[in-house]
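Content type mmCIF, N, CA and C atoms; chains and numbers go by the auth columns, from the file coords_23.cif:
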```cif
data_structure
loop_
_atom_site.group_PDB
_atom_site.id
_atom_site.type_symbol
_atom_site.label_atom_id
_atom_site.label_comp_id
_atom_site.label_asym_id
_atom_site.label_seq_id
_atom_site.Cartn_x
_atom_site.Cartn_y
_atom_site.Cartn_z
_atom_site.B_iso_or_equiv
_atom_site.auth_seq_id
_atom_site.auth_asym_id
ATOM 1 N N MET A 1 0.833 -1.184 0.000 0.00 1 Q
ATOM 2 C CA MET A 1 0.000 0.000 0.000 0.00 1 Q
ATOM 3 C C MET A 1 0.872 1.239 0.000 0.00 1 Q
ATOM 4 N N LYS A 2 0.352 2.297 -0.584 0.00 2 Q
ATOM 5 C CA LYS A 2 1.072 3.558 -0.662 0.00 2 Q
ATOM 6 C C LYS A 2 0.533 4.520 0.404 0.00 2 Q
ATOM 7 N N SER A 3 1.412 5.119 1.177 0.00 3 Q
ATOM 8 C CA SER A 3 1.007 6.071 2.209 0.00 3 Q
ATOM 9 C C SER A 3 0.731 7.433 1.581 0.00 3 Q
ATOM 10 N N THR A 4 -0.363 8.060 2.005 0.00 4 Q
ATOM 11 C CA THR A 4 -0.696 9.402 1.516 0.00 4 Q
ATOM 12 C C THR A 4 -0.123 10.474 2.419 0.00 4 Q
ATOM 13 N N GLY A 5 0.242 10.102 3.640 0.00 5 Q
ATOM 14 C CA GLY A 5 0.733 11.083 4.597 0.00 5 Q
ATOM 15 C C GLY A 5 -0.380 11.859 5.271 0.00 5 Q
ATOM 16 N N ILE A 6 -1.626 11.518 4.969 0.00 6 Q
ATOM 17 C CA ILE A 6 -2.789 12.203 5.545 0.00 6 Q
ATOM 18 C C ILE A 6 -3.270 11.417 6.756 0.00 6 Q
ATOM 19 N N ILE A 7 -3.514 12.116 7.844 0.00 7 Q
ATOM 20 C CA ILE A 7 -4.006 11.481 9.074 0.00 7 Q
ATOM 21 C C ILE A 7 -5.334 12.123 9.443 0.00 7 Q
ATOM 22 N N ARG A 8 -6.319 11.303 9.718 0.00 8 Q
ATOM 23 C CA ARG A 8 -7.640 11.778 10.131 0.00 8 Q
ATOM 24 C C ARG A 8 -8.050 11.054 11.406 0.00 8 Q
ATOM 25 N N SER A 9 -8.804 11.734 12.243 0.00 9 Q
ATOM 26 C CA SER A 9 -9.365 11.120 13.446 0.00 9 Q
ATOM 27 C C SER A 9 -10.827 10.805 13.208 0.00 9 Q
ATOM 28 N N THR A 10 -11.336 9.838 13.963 0.00 10 Q
ATOM 29 C CA THR A 10 -12.767 9.555 13.898 0.00 10 Q
ATOM 30 C C THR A 10 -13.494 10.498 14.840 0.00 10 Q
ATOM 31 N N ASP A 11 -14.752 10.817 14.499 0.00 11 Q
ATOM 32 C CA ASP A 11 -15.546 11.637 15.410 0.00 11 Q
ATOM 33 C C ASP A 11 -16.226 10.731 16.434 0.00 11 Q
ATOM 34 N N ASN A 12 -17.089 11.283 17.276 0.00 12 Q
ATOM 35 C CA ASN A 12 -17.692 10.485 18.351 0.00 12 Q
ATOM 36 C C ASN A 12 -18.676 9.431 17.828 0.00 12 Q
ATOM 37 N N LEU A 13 -19.041 9.496 16.534 0.00 13 Q
ATOM 38 C CA LEU A 13 -19.895 8.474 15.932 0.00 13 Q
ATOM 39 C C LEU A 13 -19.091 7.486 15.091 0.00 13 Q
ATOM 40 N N GLY A 14 -17.762 7.614 15.108 0.00 14 Q
ATOM 41 C CA GLY A 14 -16.897 6.691 14.380 0.00 14 Q
ATOM 42 C C GLY A 14 -16.688 7.046 12.918 0.00 14 Q
ATOM 43 N N ARG A 15 -17.070 8.258 12.517 0.00 15 Q
ATOM 44 C CA ARG A 15 -16.938 8.661 11.116 0.00 15 Q
ATOM 45 C C ARG A 15 -15.579 9.294 10.849 0.00 15 Q
ATOM 46 N N ILE A 16 -15.125 9.159 9.596 0.00 16 Q
ATOM 47 C CA ILE A 16 -13.932 9.862 9.141 0.00 16 Q
ATOM 48 C C ILE A 16 -14.301 10.627 7.870 0.00 16 Q
ATOM 49 N N VAL A 17 -13.531 11.638 7.552 0.00 17 Q
ATOM 50 C CA VAL A 17 -13.732 12.397 6.322 0.00 17 Q
ATOM 51 C C VAL A 17 -12.608 12.039 5.370 0.00 17 Q
ATOM 52 N N LEU A 18 -12.983 11.604 4.154 0.00 18 Q
ATOM 53 C CA LEU A 18 -11.982 11.356 3.122 0.00 18 Q
ATOM 54 C C LEU A 18 -11.597 12.696 2.513 0.00 18 Q
ATOM 55 N N PRO A 19 -10.307 13.004 2.424 0.00 19 Q
ATOM 56 C CA PRO A 19 -9.887 14.293 1.874 0.00 19 Q
ATOM 57 C C PRO A 19 -10.392 14.498 0.445 0.00 19 Q
ATOM 58 N N LYS A 20 -10.692 15.750 0.127 0.00 20 Q
ATOM 59 C CA LYS A 20 -11.248 16.100 -1.177 0.00 20 Q
ATOM 60 C C LYS A 20 -10.372 15.605 -2.323 0.00 20 Q
ATOM 61 N N GLU A 21 -9.042 15.735 -2.168 0.00 21 Q
ATOM 62 C CA GLU A 21 -8.153 15.320 -3.261 0.00 21 Q
ATOM 63 C C GLU A 21 -8.240 13.817 -3.527 0.00 21 Q
ATOM 64 N N LEU A 22 -8.452 13.010 -2.479 0.00 22 Q
ATOM 65 C CA LEU A 22 -8.621 11.568 -2.679 0.00 22 Q
ATOM 66 C C LEU A 22 -9.971 11.265 -3.318 0.00 22 Q
ATOM 67 N N ARG A 23 -11.031 11.957 -2.856 0.00 23 Q
ATOM 68 C CA ARG A 23 -12.348 11.757 -3.465 0.00 23 Q
ATOM 69 C C ARG A 23 -12.320 12.119 -4.940 0.00 23 Q
ATOM 70 N N LYS A 24 -11.633 13.196 -5.282 0.00 24 Q
ATOM 71 C CA LYS A 24 -11.539 13.626 -6.676 0.00 24 Q
ATOM 72 C C LYS A 24 -10.719 12.634 -7.500 0.00 24 Q
ATOM 73 N N THR A 25 -9.582 12.211 -6.980 0.00 25 Q
ATOM 74 C CA THR A 25 -8.709 11.273 -7.690 0.00 25 Q
ATOM 75 C C THR A 25 -9.418 9.967 -7.999 0.00 25 Q
ATOM 76 N N PHE A 26 -10.215 9.469 -7.053 0.00 26 Q
ATOM 77 C CA PHE A 26 -10.883 8.182 -7.219 0.00 26 Q
ATOM 78 C C PHE A 26 -12.339 8.313 -7.652 0.00 26 Q
ATOM 79 N N SER A 27 -12.771 9.515 -8.036 0.00 27 Q
ATOM 80 C CA SER A 27 -14.147 9.769 -8.505 0.00 27 Q
ATOM 81 C C SER A 27 -15.181 9.263 -7.500 0.00 27 Q
ATOM 82 N N ILE A 28 -14.998 9.630 -6.243 0.00 28 Q
ATOM 83 C CA ILE A 28 -15.927 9.247 -5.180 0.00 28 Q
ATOM 84 C C ILE A 28 -16.838 10.434 -4.902 0.00 28 Q
ATOM 85 N N THR A 29 -18.140 10.211 -5.080 0.00 29 Q
ATOM 86 C CA THR A 29 -19.137 11.248 -4.797 0.00 29 Q
ATOM 87 C C THR A 29 -19.936 10.834 -3.570 0.00 29 Q
ATOM 88 N N THR A 30 -20.908 11.648 -3.192 0.00 30 Q
ATOM 89 C CA THR A 30 -21.703 11.336 -2.003 0.00 30 Q
ATOM 90 C C THR A 30 -22.544 10.080 -2.166 0.00 30 Q
ATOM 91 N N ASP A 31 -22.798 9.655 -3.415 0.00 31 Q
ATOM 92 C CA ASP A 31 -23.610 8.449 -3.618 0.00 31 Q
ATOM 93 C C ASP A 31 -22.785 7.245 -4.074 0.00 31 Q
ATOM 94 N N THR A 32 -21.453 7.316 -3.966 0.00 32 Q
ATOM 95 C CA THR A 32 -20.587 6.202 -4.348 0.00 32 Q
ATOM 96 C C THR A 32 -20.559 5.173 -3.228 0.00 32 Q
ATOM 97 N N PRO A 33 -21.008 3.935 -3.499 0.00 33 Q
ATOM 98 C CA PRO A 33 -20.931 2.911 -2.451 0.00 33 Q
ATOM 99 C C PRO A 33 -19.493 2.423 -2.275 0.00 33 Q
ATOM 100 N N LEU A 34 -19.088 2.229 -1.032 0.00 34 Q
ATOM 101 C CA LEU A 34 -17.746 1.755 -0.715 0.00 34 Q
ATOM 102 C C LEU A 34 -17.839 0.437 0.040 0.00 34 Q
ATOM 103 N N GLU A 35 -16.957 -0.500 -0.292 0.00 35 Q
ATOM 104 C CA GLU A 35 -16.848 -1.754 0.444 0.00 35 Q
ATOM 105 C C GLU A 35 -15.780 -1.581 1.509 0.00 35 Q
ATOM 106 N N ILE A 36 -15.958 -2.229 2.638 0.00 36 Q
ATOM 107 C CA ILE A 36 -14.999 -2.162 3.729 0.00 36 Q
ATOM 108 C C ILE A 36 -14.429 -3.555 3.955 0.00 36 Q
ATOM 109 N N PHE A 37 -13.096 -3.653 3.900 0.00 37 Q
ATOM 110 C CA PHE A 37 -12.387 -4.909 4.115 0.00 37 Q
ATOM 111 C C PHE A 37 -11.402 -4.734 5.263 0.00 37 Q
ATOM 112 N N THR A 38 -10.992 -5.841 5.832 0.00 38 Q
ATOM 113 C CA THR A 38 -9.889 -5.817 6.785 0.00 38 Q
ATOM 114 C C THR A 38 -8.791 -6.718 6.250 0.00 38 Q
ATOM 115 N N ASP A 39 -7.554 -6.324 6.521 0.00 39 Q
ATOM 116 C CA ASP A 39 -6.384 -7.094 6.107 0.00 39 Q
ATOM 117 C C ASP A 39 -5.388 -7.013 7.258 0.00 39 Q
ATOM 118 N N GLY A 40 -5.416 -8.024 8.115 0.00 40 Q
ATOM 119 C CA GLY A 40 -4.585 -7.982 9.318 0.00 40 Q
ATOM 120 C C GLY A 40 -5.063 -6.852 10.215 0.00 40 Q
ATOM 121 N N ASP A 41 -4.182 -5.885 10.471 0.00 41 Q
ATOM 122 C CA ASP A 41 -4.568 -4.754 11.313 0.00 41 Q
ATOM 123 C C ASP A 41 -4.933 -3.518 10.485 0.00 41 Q
ATOM 124 N N SER A 42 -5.213 -3.695 9.190 0.00 42 Q
ATOM 125 C CA SER A 42 -5.559 -2.575 8.304 0.00 42 Q
ATOM 126 C C SER A 42 -7.032 -2.624 7.921 0.00 42 Q
ATOM 127 N N ILE A 43 -7.601 -1.455 7.685 0.00 43 Q
ATOM 128 C CA ILE A 43 -8.953 -1.312 7.157 0.00 43 Q
ATOM 129 C C ILE A 43 -8.800 -0.767 5.742 0.00 43 Q
ATOM 130 N N VAL A 44 -9.445 -1.426 4.785 0.00 44 Q
ATOM 131 C CA VAL A 44 -9.313 -1.058 3.381 0.00 44 Q
ATOM 132 C C VAL A 44 -10.687 -0.667 2.838 0.00 44 Q
ATOM 133 N N LEU A 45 -10.763 0.493 2.182 0.00 45 Q
ATOM 134 C CA LEU A 45 -11.977 0.926 1.511 0.00 45 Q
ATOM 135 C C LEU A 45 -11.795 0.744 0.017 0.00 45 Q
ATOM 136 N N ARG A 46 -12.829 0.253 -0.666 0.00 46 Q
ATOM 137 C CA ARG A 46 -12.771 0.084 -2.111 0.00 46 Q
ATOM 138 C C ARG A 46 -14.133 0.423 -2.691 0.00 46 Q
ATOM 139 N N LYS A 47 -14.133 1.093 -3.848 0.00 47 Q
ATOM 140 C CA LYS A 47 -15.393 1.392 -4.511 0.00 47 Q
ATOM 141 C C LYS A 47 -16.097 0.077 -4.835 0.00 47 Q
ATOM 142 N N TYR A 48 -17.370 0.008 -4.470 0.00 48 Q
ATOM 143 C CA TYR A 48 -18.145 -1.213 -4.694 0.00 48 Q
ATOM 144 C C TYR A 48 -18.571 -1.312 -6.154 0.00 48 Q
ATOM 145 N N ARG A 49 -18.341 -2.460 -6.724 0.00 49 Q
ATOM 146 C CA ARG A 49 -18.798 -2.764 -8.083 0.00 49 Q
ATOM 147 C C ARG A 49 -19.417 -4.158 -8.054 0.00 49 Q
ATOM 148 N N PRO A 50 -20.678 -4.261 -8.473 0.00 50 Q
ATOM 149 C CA PRO A 50 -21.282 -5.590 -8.534 0.00 50 Q
ATOM 150 C C PRO A 50 -20.503 -6.487 -9.498 0.00 50 Q
ATOM 151 N N ALA A 51 -20.492 -7.768 -9.250 0.00 51 Q
ATOM 152 C CA ALA A 51 -19.782 -8.709 -10.119 0.00 51 Q
ATOM 153 C C ALA A 51 -20.319 -8.589 -11.544 0.00 51 Q
ATOM 154 N N GLY A 52 -19.431 -8.483 -12.497 0.00 52 Q
ATOM 155 C CA GLY A 52 -19.821 -8.407 -13.896 0.00 52 Q
ATOM 156 C C GLY A 52 -20.194 -7.027 -14.387 0.00 52 Q
ATOM 157 N N SER A 53 -19.984 -5.996 -13.568 0.00 53 Q
ATOM 158 C CA SER A 53 -20.354 -4.650 -14.009 0.00 53 Q
ATOM 159 C C SER A 53 -19.253 -4.038 -14.865 0.00 53 Q
ATOM 160 N N CYS A 54 -19.655 -3.177 -15.788 0.00 54 Q
ATOM 161 C CA CYS A 54 -18.722 -2.501 -16.687 0.00 54 Q
ATOM 162 C C CYS A 54 -17.951 -1.434 -15.907 0.00 54 Q
ATOM 163 N N ASP A 55 -16.642 -1.377 -16.096 0.00 55 Q
ATOM 164 C CA ASP A 55 -15.811 -0.392 -15.399 0.00 55 Q
ATOM 165 C C ASP A 55 -16.007 1.015 -15.954 0.00 55 Q
ATOM 166 N N PHE A 56 -16.617 1.144 -17.109 0.00 56 Q
ATOM 167 C CA PHE A 56 -16.831 2.468 -17.699 0.00 56 Q
ATOM 168 C C PHE A 56 -18.204 3.035 -17.355 0.00 56 Q
ATOM 169 N N CYS A 57 -19.263 2.254 -17.549 0.00 57 Q
ATOM 170 C CA CYS A 57 -20.616 2.789 -17.323 0.00 57 Q
ATOM 171 C C CYS A 57 -21.294 2.221 -16.079 0.00 57 Q
ATOM 172 N N GLY A 58 -20.760 1.124 -15.527 0.00 58 Q
ATOM 173 C CA GLY A 58 -21.333 0.538 -14.318 0.00 58 Q
ATOM 174 C C GLY A 58 -22.473 -0.430 -14.548 0.00 58 Q
ATOM 175 N N GLU A 59 -22.907 -0.588 -15.796 0.00 59 Q
ATOM 176 C CA GLU A 59 -24.014 -1.503 -16.093 0.00 59 Q
ATOM 177 C C GLU A 59 -23.601 -2.952 -15.882 0.00 59 Q
ATOM 178 N N VAL A 60 -24.553 -3.758 -15.420 0.00 60 Q
ATOM 179 C CA VAL A 60 -24.319 -5.188 -15.260 0.00 60 Q
ATOM 180 C C VAL A 60 -25.024 -5.885 -16.410 0.00 60 Q
ATOM 181 N N THR A 61 -24.249 -6.476 -17.313 0.00 61 Q
ATOM 182 C CA THR A 61 -24.815 -7.171 -18.466 0.00 61 Q
ATOM 183 C C THR A 61 -24.117 -8.511 -18.646 0.00 61 Q
ATOM 184 N N ALA A 62 -24.771 -9.404 -19.367 0.00 62 Q
ATOM 185 C CA ALA A 62 -24.211 -10.735 -19.604 0.00 62 Q
ATOM 186 C C ALA A 62 -23.080 -10.699 -20.622 0.00 62 Q
ATOM 187 N N ASP A 63 -22.977 -9.609 -21.410 0.00 63 Q
ATOM 188 C CA ASP A 63 -21.970 -9.544 -22.473 0.00 63 Q
ATOM 189 C C ASP A 63 -20.686 -8.828 -22.043 0.00 63 Q
ATOM 190 N N THR A 64 -20.496 -8.616 -20.753 0.00 64 Q
ATOM 191 C CA THR A 64 -19.291 -7.960 -20.252 0.00 64 Q
ATOM 192 C C THR A 64 -18.099 -8.908 -20.383 0.00 64 Q
ATOM 193 N N ILE A 65 -16.991 -8.388 -20.929 0.00 65 Q
ATOM 194 C CA ILE A 65 -15.764 -9.177 -21.041 0.00 65 Q
ATOM 195 C C ILE A 65 -14.668 -8.484 -20.236 0.00 65 Q
ATOM 196 N N GLU A 66 -13.615 -9.237 -19.920 0.00 66 Q
ATOM 197 C CA GLU A 66 -12.477 -8.651 -19.222 0.00 66 Q
ATOM 198 C C GLU A 66 -11.347 -8.450 -20.219 0.00 66 Q
ATOM 199 N N TYR A 67 -10.793 -7.247 -20.243 0.00 67 Q
ATOM 200 C CA TYR A 67 -9.685 -6.914 -21.136 0.00 67 Q
ATOM 201 C C TYR A 67 -8.668 -6.098 -20.359 0.00 67 Q
ATOM 202 N N ARG A 68 -7.475 -6.641 -20.188 0.00 68 Q
ATOM 203 C CA ARG A 68 -6.388 -5.991 -19.446 0.00 68 Q
ATOM 204 C C ARG A 68 -6.824 -5.531 -18.050 0.00 68 Q
ATOM 205 N N GLY A 69 -7.562 -6.397 -17.377 0.00 69 Q
ATOM 206 C CA GLY A 69 -7.984 -6.109 -16.011 0.00 69 Q
ATOM 207 C C GLY A 69 -9.215 -5.229 -15.895 0.00 69 Q
ATOM 208 N N MET A 70 -9.773 -4.803 -17.024 0.00 70 Q
ATOM 209 C CA MET A 70 -10.973 -3.954 -17.022 0.00 70 Q
ATOM 210 C C MET A 70 -12.155 -4.771 -17.543 0.00 70 Q
ATOM 211 N N HIS A 71 -13.326 -4.561 -16.951 0.00 71 Q
ATOM 212 C CA HIS A 71 -14.547 -5.204 -17.420 0.00 71 Q
ATOM 213 C C HIS A 71 -15.270 -4.204 -18.322 0.00 71 Q
ATOM 214 N N ILE A 72 -15.598 -4.641 -19.545 0.00 72 Q
ATOM 215 C CA ILE A 72 -16.165 -3.736 -20.541 0.00 72 Q
ATOM 216 C C ILE A 72 -17.395 -4.383 -21.175 0.00 72 Q
ATOM 217 N N CYS A 73 -18.513 -3.651 -21.159 0.00 73 Q
ATOM 218 C CA CYS A 73 -19.741 -4.162 -21.768 0.00 73 Q
ATOM 219 C C CYS A 73 -19.698 -3.905 -23.282 0.00 73 Q
ATOM 220 N N ALA A 74 -20.629 -4.527 -24.010 0.00 74 Q
ATOM 221 C CA ALA A 74 -20.663 -4.409 -25.468 0.00 74 Q
ATOM 222 C C ALA A 74 -20.887 -2.965 -25.912 0.00 74 Q
ATOM 223 N N ALA A 75 -21.748 -2.229 -25.216 0.00 75 Q
ATOM 224 C CA ALA A 75 -22.036 -0.838 -25.602 0.00 75 Q
ATOM 225 C C ALA A 75 -20.785 0.032 -25.470 0.00 75 Q
ATOM 226 N N CYS A 76 -20.026 -0.143 -24.407 0.00 76 Q
ATOM 227 C CA CYS A 76 -18.794 0.647 -24.224 0.00 76 Q
ATOM 228 C C CYS A 76 -17.710 0.216 -25.201 0.00 76 Q
ATOM 229 N N ARG A 77 -17.640 -1.086 -25.504 0.00 77 Q
ATOM 230 C CA ARG A 77 -16.686 -1.548 -26.531 0.00 77 Q
ATOM 231 C C ARG A 77 -16.986 -0.901 -27.866 0.00 77 Q
ATOM 232 N N LYS A 78 -18.259 -0.824 -28.201 0.00 78 Q
ATOM 233 C CA LYS A 78 -18.669 -0.210 -29.471 0.00 78 Q
ATOM 234 C C LYS A 78 -18.312 1.277 -29.476 0.00 78 Q
ATOM 235 N N ALA A 79 -18.589 1.955 -28.375 0.00 79 Q
ATOM 236 C CA ALA A 79 -18.292 3.384 -28.286 0.00 79 Q
ATOM 237 C C ALA A 79 -16.780 3.649 -28.378 0.00 79 Q
ATOM 238 N N ILE A 80 -15.995 2.803 -27.754 0.00 80 Q
ATOM 239 C CA ILE A 80 -14.535 2.947 -27.790 0.00 80 Q
ATOM 240 C C ILE A 80 -14.013 2.695 -29.197 0.00 80 Q
ATOM 241 N N SER A 81 -14.560 1.716 -29.866 0.00 81 Q
ATOM 242 C CA SER A 81 -14.069 1.388 -31.200 0.00 81 Q
ATOM 243 C C SER A 81 -14.375 2.485 -32.221 0.00 81 Q
ATOM 244 N N GLN A 82 -15.341 3.343 -31.915 0.00 82 Q
ATOM 245 C CA GLN A 82 -15.715 4.425 -32.825 0.00 82 Q
ATOM 246 C C GLN A 82 -14.895 5.679 -32.606 0.00 82 Q
ATOM 247 N N LEU A 83 -13.997 5.676 -31.629 0.00 83 Q
ATOM 248 C CA LEU A 83 -13.162 6.851 -31.374 0.00 83 Q
ATOM 249 C C LEU A 83 -12.089 7.021 -32.410 0.00 83 Q
#
```

Give the structure from this file in structure tokens form.
Amino acid sequence: MKSTGIIRSTDNLGRIVLPKELRKTFSITTDTPLEIFTDGDSIVLRKYRPAGSCDFCGEVTADTIEYRGMHICAACRKAISQL
């Protein structure tokens, strides 16, 4: 893992604030679902994506394929090929 050098405390309800620059870098908005994992003594947050969802549009379709670690639906493949 890469350290950001940013330290945050939890409030009395156990909440933390993700810094704006991290939210912007990872395209996290107020309605972005996050998964919470633990790894030893670490807590890991990851943007939630349903299995089989397209990494570009987020749609879950049966025609999604994996290409170089990215999941791409047929509609996004078509749009990319027209560029």

Taking only chain Q into account, list the residues labelled strand (DSSP E) by DSSP (computed from the backbone), as a PDB file with N, CA and C atoms, in the coordinates of the input.
```pdb
ATOM      1  N   LEU Q  34     -19.088   2.229  -1.032  1.00  0.00           N
ATOM      2  CA  LEU Q  34     -17.746   1.755  -0.715  1.00  0.00           C
ATOM      3  C   LEU Q  34     -17.839   0.437   0.040  1.00  0.00           C
ATOM      4  N   GLU Q  35     -16.957  -0.500  -0.292  1.00  0.00           N
ATOM      5  CA  GLU Q  35     -16.848  -1.754   0.444  1.00  0.00           C
ATOM      6  C   GLU Q  35     -15.780  -1.581   1.509  1.00  0.00           C
ATOM      7  N   ILE Q  36     -15.958  -2.229   2.638  1.00  0.00           N
ATOM      8  CA  ILE Q  36     -14.999  -2.162   3.729  1.00  0.00           C
ATOM      9  C   ILE Q  36     -14.429  -3.555   3.955  1.00  0.00           C
ATOM     10  N   PHE Q  37     -13.096  -3.653   3.900  1.00  0.00           N
ATOM     11  CA  PHE Q  37     -12.387  -4.909   4.115  1.00  0.00           C
ATOM     12  C   PHE Q  37     -11.402  -4.734   5.263  1.00  0.00           C
ATOM     13  N   THR Q  38     -10.992  -5.841   5.832  1.00  0.00           N
ATOM     14  CA  THR Q  38      -9.889  -5.817   6.785  1.00  0.00           C
ATOM     15  C   THR Q  38      -8.791  -6.718   6.250  1.00  0.00           C
ATOM     16  N   ASP Q  39      -7.554  -6.324   6.521  1.00  0.00           N
ATOM     17  CA  ASP Q  39      -6.384  -7.094   6.107  1.00  0.00           C
ATOM     18  C   ASP Q  39      -5.388  -7.013   7.258  1.00  0.00           C
ATOM     19  N   SER Q  42      -5.213  -3.695   9.190  1.00  0.00           N
ATOM     20  CA  SER Q  42      -5.559  -2.575   8.304  1.00  0.00           C
ATOM     21  C   SER Q  42      -7.032  -2.624   7.921  1.00  0.00           C
ATOM     22  N   ILE Q  43      -7.601  -1.455   7.685  1.00  0.00           N
ATOM     23  CA  ILE Q  43      -8.953  -1.312   7.157  1.00  0.00           C
ATOM     24  C   ILE Q  43      -8.800  -0.767   5.742  1.00  0.00           C
ATOM     25  N   VAL Q  44      -9.445  -1.426   4.785  1.00  0.00           N
ATOM     26  CA  VAL Q  44      -9.313  -1.058   3.381  1.00  0.00           C
ATOM     27  C   VAL Q  44     -10.687  -0.667   2.838  1.00  0.00           C
ATOM     28  N   LEU Q  45     -10.763   0.493   2.182  1.00  0.00           N
ATOM     29  CA  LEU Q  45     -11.977   0.926   1.511  1.00  0.00           C
ATOM     30  C   LEU Q  45     -11.795   0.744   0.017  1.00  0.00           C
ATOM     31  N   ARG Q  46     -12.829   0.253  -0.666  1.00  0.00           N
ATOM     32  CA  ARG Q  46     -12.771   0.084  -2.111  1.00  0.00           C
ATOM     33  C   ARG Q  46     -14.133   0.423  -2.691  1.00  0.00           C
ATOM     34  N   LYS Q  47     -14.133   1.093  -3.848  1.00  0.00           N
ATOM     35  CA  LYS Q  47     -15.393   1.392  -4.511  1.00  0.00           C
ATOM     36  C   LYS Q  47     -16.097   0.077  -4.835  1.00  0.00           C
ATOM     37  N   ILE Q  65     -16.991  -8.388 -20.929  1.00  0.00           N
ATOM     38  CA  ILE Q  65     -15.764  -9.177 -21.041  1.00  0.00           C
ATOM     39  C   ILE Q  65     -14.668  -8.484 -20.236  1.00  0.00           C
ATOM     40  N   GLU Q  66     -13.615  -9.237 -19.920  1.00  0.00           N
ATOM     41  CA  GLU Q  66     -12.477  -8.651 -19.222  1.00  0.00           C
ATOM     42  C   GLU Q  66     -11.347  -8.450 -20.219  1.00  0.00           C
ATOM     43  N   TYR Q  67     -10.793  -7.247 -20.243  1.00  0.00           N
ATOM     44  CA  TYR Q  67      -9.685  -6.914 -21.136  1.00  0.00           C
ATOM     45  C   TYR Q  67      -8.668  -6.098 -20.359  1.00  0.00           C
ATOM     46  N   MET Q  70      -9.773  -4.803 -17.024  1.00  0.00           N
ATOM     47  CA  MET Q  70     -10.973  -3.954 -17.022  1.00  0.00           C
ATOM     48  C   MET Q  70     -12.155  -4.771 -17.543  1.00  0.00           C
ATOM     49  N   HIS Q  71     -13.326  -4.561 -16.951  1.00  0.00           N
ATOM     50  CA  HIS Q  71     -14.547  -5.204 -17.420  1.00  0.00           C
ATOM     51  C   HIS Q  71     -15.270  -4.204 -18.322  1.00  0.00           C
ATOM     52  N   ILE Q  72     -15.598  -4.641 -19.545  1.00  0.00           N
ATOM     53  CA  ILE Q  72     -16.165  -3.736 -20.541  1.00  0.00           C
ATOM     54  C   ILE Q  72     -17.395  -4.383 -21.175  1.00  0.00           C
TER      55      ILE Q  72
END
```

- Given the file above and the PyMOL selection byres (((chain Q and resi 50-56 and name CA) around 8) and name CA), which residues are selected, and can you give them as number ranges by chain? Q: 48-49, 57-62, 64, 70-73, 76

- Query: With distances taken over only C-alpha atoms, which of Q:Ser42, Q:Leu83, Q:Pro19, Q:Pro33 is nearest to Gly5 (chain Q)?
  - Reply: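 Nearest candidate to Gly5 (chain Q) out of Q:Ser42, Q:Leu83, Q:Pro19, Q:Pro33: Q:Pro19.
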
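Residue-level DSSP output for region 8-56 of chain Q, from the backbone, shows helix (DSSP H, G or I) at Lys20, Glu21, Leu22, Arg23, Lys24 and Thr25 of chain Q.
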
- Find the residues near Leu45 (chain Q): any atom within 7 Å, counting only N, CA and C atoms, skip ones fewer than 5 places away on the same chain, and give them as a ChimeraX atom specification. /Q:34-37

- Message: Just to confirm, what's the straight-line distance from atom N of Ile43 (chain Q) to atom N of Ile28 (chain Q) in Å (one decimal)?
- Response: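 Separation of atom N of Ile43 (chain Q) and atom N of Ile28 (chain Q): 19.3 Å.
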
- Message: Take the PyMOL selection byres (((chain Q and resi 1 and name CA) around 12) and name CA), run it mentally on this structure, and tell me the resulting residues as a list in words.
- Response: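 Listing what the PyMOL selection byres (((chain Q and resi 1 and name CA) around 12) and name CA) selects in the shown file: Lys2, Ser3, Thr4, Asp39, Ser42, Ile43 and Val44 of chain Q.
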
I need the residues from that last selection saved to file as a PDB file, keeping the file's coordinate frame (with N, CA and C atoms), if you can.
```pdb
ATOM      1  N   LYS Q   2       0.352   2.297  -0.584  1.00  0.00           N
ATOM      2  CA  LYS Q   2       1.072   3.558  -0.662  1.00  0.00           C
ATOM      3  C   LYS Q   2       0.533   4.520   0.404  1.00  0.00           C
ATOM      4  N   SER Q   3       1.412   5.119   1.177  1.00  0.00           N
ATOM      5  CA  SER Q   3       1.007   6.071   2.209  1.00  0.00           C
ATOM      6  C   SER Q   3       0.731   7.433   1.581  1.00  0.00           C
ATOM      7  N   THR Q   4      -0.363   8.060   2.005  1.00  0.00           N
ATOM      8  CA  THR Q   4      -0.696   9.402   1.516  1.00  0.00           C
ATOM      9  C   THR Q   4      -0.123  10.474   2.419  1.00  0.00           C
ATOM     10  N   ASP Q  39      -7.554  -6.324   6.521  1.00  0.00           N
ATOM     11  CA  ASP Q  39      -6.384  -7.094   6.107  1.00  0.00           C
ATOM     12  C   ASP Q  39      -5.388  -7.013   7.258  1.00  0.00           C
ATOM     13  N   SER Q  42      -5.213  -3.695   9.190  1.00  0.00           N
ATOM     14  CA  SER Q  42      -5.559  -2.575   8.304  1.00  0.00           C
ATOM     15  C   SER Q  42      -7.032  -2.624   7.921  1.00  0.00           C
ATOM     16  N   ILE Q  43      -7.601  -1.455   7.685  1.00  0.00           N
ATOM     17  CA  ILE Q  43      -8.953  -1.312   7.157  1.00  0.00           C
ATOM     18  C   ILE Q  43      -8.800  -0.767   5.742  1.00  0.00           C
ATOM     19  N   VAL Q  44      -9.445  -1.426   4.785  1.00  0.00           N
ATOM     20  CA  VAL Q  44      -9.313  -1.058   3.381  1.00  0.00           C
ATOM     21  C   VAL Q  44     -10.687  -0.667   2.838  1.00  0.00           C
TER      22      VAL Q  44
END
```

- Between atom C of Glu21 (chain Q) and atom N of Arg77 (chain Q) lies a distance of 28.2 Å
